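Novice: Just passing along the structure, written as structure tokens.
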Amino acid sequence: MSHRIAAKITGVAGYVPPKVLTNADLEKMVATNDEWIRTRTGIRERHIADSGTASSHLATEAAKALLAQTNTDPADIEMIILASVTPDMMFPATACLVQDRIGAKKAWGFDLSAACSGFAYALTVGAQFVGSGAHKKVLVIGSDKMSSILDYTDRATCILFGDGAGAVLLESAAGNEGIIDFEHDVDGSGGQFLYMPGGGSLHPATTETVERKMHYVHQEGSQVFKYAARRMAEMSTKLLERNGFTKDDLALLVPHQANLRIIRAAQERLGVDDSKVLVNIDRYANTTAGTIPLGLCDAVKQGRLQKGDLVLIVTVGAGYTTGGVLLRWAY
Ligand code: UT7
């Protein structure tokens with residue numbers, strides 16, 4: 001069954017911190033090399049925030065740019081949903097910090113944790129409040145400072161991620177515009193393959209958790225790789241077919257950016273060629289909740305999105321979480 005929501009994206013903005021960490025820089029830090037990283041992942045460089053800059057700051061920059069671009073008075077924002085696995089603190093929610101900094105005095109909000117699928121999940125949740133008529137303007141943000149949870153002595157993980165944030169404004173839609181359908185699922189048996197064990201209620205921070213490197217990303221890359229490639233293709237096919245579309249109707253596929261080979265494997269299964277796939281992993285690496293809005297932002301800047309275009313967002317992340325949102329671009 002299809003799930004149309006009378007909500008549309010009316011603006012998108014992104015922010016990455018200015019400092020760039022190239023593959024050549026990483027060669028000086030761990031036993032890796034530019035060629036391995038480029039050919040195995042598609043990444044050339046990533047942006048890294050300074051200490052003292054947190055996910056809330058990245059999110060605030062993206063949100064402020066979005067408000068300016070869409071000429072929106074912050075007081076008109078009624079809700080903020082912020083997806084992140086690197087909140088500034090366990091509490092208060094990073095959404096609350098952003099609400100204060102942008103002056104969205106009438107907004108309520110919360111953080112949502114679904115790792116790399118976080119933005120797609122948040123988009124769907126936020127859209128429900130617009131579609132139901134409860135709210136007129138909802139801000140959905142994906143923001144992660146992945147560098148804060150990476151072990152820069154572990155070459156298998158530290159090369160994969162970067163820092164960044166993106167935000168969209170959701171407003172009500174009429175007729176055929178906006179969100180056509182969404183689908184999300186969880187396979188909790190995959191939790192063991194990508195996780196950060198320390199800092200939660202199971203393993204609160206102690207000297208031992210620090211010594212055992214439990215506050216860093218742990219990943220079994222090849223397990224995640226296979227799952228992600230298969231599920232991105234399955235999710236995309238399901239959403240297109242269920243709504244009577246073929247790959248030819250698609251104007252742009254905006255996939256989560258974890259590995260260029262995952263993206264290519266998924267698009268090959270779908271039969272979509274490169275011109276219809278947004279790729280920016282070369283410049284940003286995997287920014288977790290940031291990848292989808294940063295991808296939409298680049299697509300707009302590159303003139304690759306026109307009003308009425310059929311767009312498919314698809315994500316796979318830790319959990320495992322999988323998400324897909326099919327929509328008509330509205331501006
Ligand atoms: O959003 C969800 C989050 N994460 C992902 O989606 C990541 C999914 N997984 C991946 O992207 C890939 O599995 C990786 C990029 C992490 C790894 O690529 P791979 O082709 O699966 O390589 P591998 O783990 O099988 O490692 C192959 C070799 C190993 O050496 P040996 O055992 O063959 O001698 C690794 O030790 O490459 C070695 N290696 C490296 N060499 C140079 C692993 N990392 C590096 C590195 N530089 N950075």
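Each chain of the structure tokens is named A, B, ... in the order shown, its residues numbered from 1; ligands are numbered from 1 in display order.
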Find the residues near ligand 1. Use a cut-off of 8 Å, count only C-alpha atoms and all ligand atoms, and write them as a ChimeraX atom specification.
Specialist: /A:30-33,36-37,40-41,115-116,154-160,194,219-226,228,256-259,261-262,286,288,315-318
Novice: Can you list every residue in stretch 73-268 of chain A that DSSP puts in alpha helix (DSSP H), as a PyMOL selection string?
Specialist: chain A and resi 94-102+118-131+155-158+207-211+221-242+260-268
Novice: What gap, in Å, lies between atom CA of A:Thr60 and atom CA of A:Leu312?
Specialist: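 These two atoms are separated by 26.1 Å.
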Novice: Which residue gives the smallest distance to A:Ala251 among A:Tyr320, A:Trp329, A:Phe91, A:Tyr216, with only C-alpha atoms counted?
Specialist: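 Counting only C-alpha atoms, the residue closest to A:Ala251 is A:Trp329.
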Novice: Quick one: of A:Lys28, A:Arg328, A:Lys8, A:Arg264, who's nearest to A:Gly131, counting only C-alpha atoms?
Specialist: A:Lys8
Novice: Find the residue from A:Leu260, A:Ile77, A:Met90, A:Val168 that sits nearest to A:Ile141; use only C-alpha atoms when measuring.
Specialist: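 Using only C-alpha atoms, the shortest distance to A:Ile141 belongs to A:Val168.
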Novice: What parts of stretch 20-216 of chain A does DSSP call strand (DSSP E)? I'd like the answer as number ranges by chain.
Specialist: A: 20-22, 45-47, 79-83, 108-112, 138-145, 163-172, 178-186, 194-195
Novice: Any idea what's packed within 12 Å of A:Val300, counting only C-alpha atoms, ignoring anything in its chain fewer than 5 positions away? Could you give it as a list in words?
Specialist: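 In the requested form, the answer reads Thr10, Gly11, Val12, Ala13, Gly14, Leu252, Val254, Leu278, Pro293, Leu294, Gly295, Leu305, Gln306, Lys307, Asp309, Trp329, Ala330 and Tyr331 of chain A.
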Novice: If we count only C-alpha atoms and set the cut-off at 12 Å, which residues sit around A:Ala173, ignoring sequence neighbours fewer than 2 positions away in its own chain? Please answer as a list in words.
Specialist: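 Surrounding residues, per the criterion: Arg4, Ile5, Ala6, Ala7, Lys8, Ile9, Thr10, Ala127, Gln128, Val130, Gly131, Ser132, Gly133, Lys136, Lys137, Leu170, Glu171, Gly175, Asn176, Glu177, Gly178, Ile179, Ile180, Leu327, Arg328, Trp329, Ala330 and Tyr331 of chain A.
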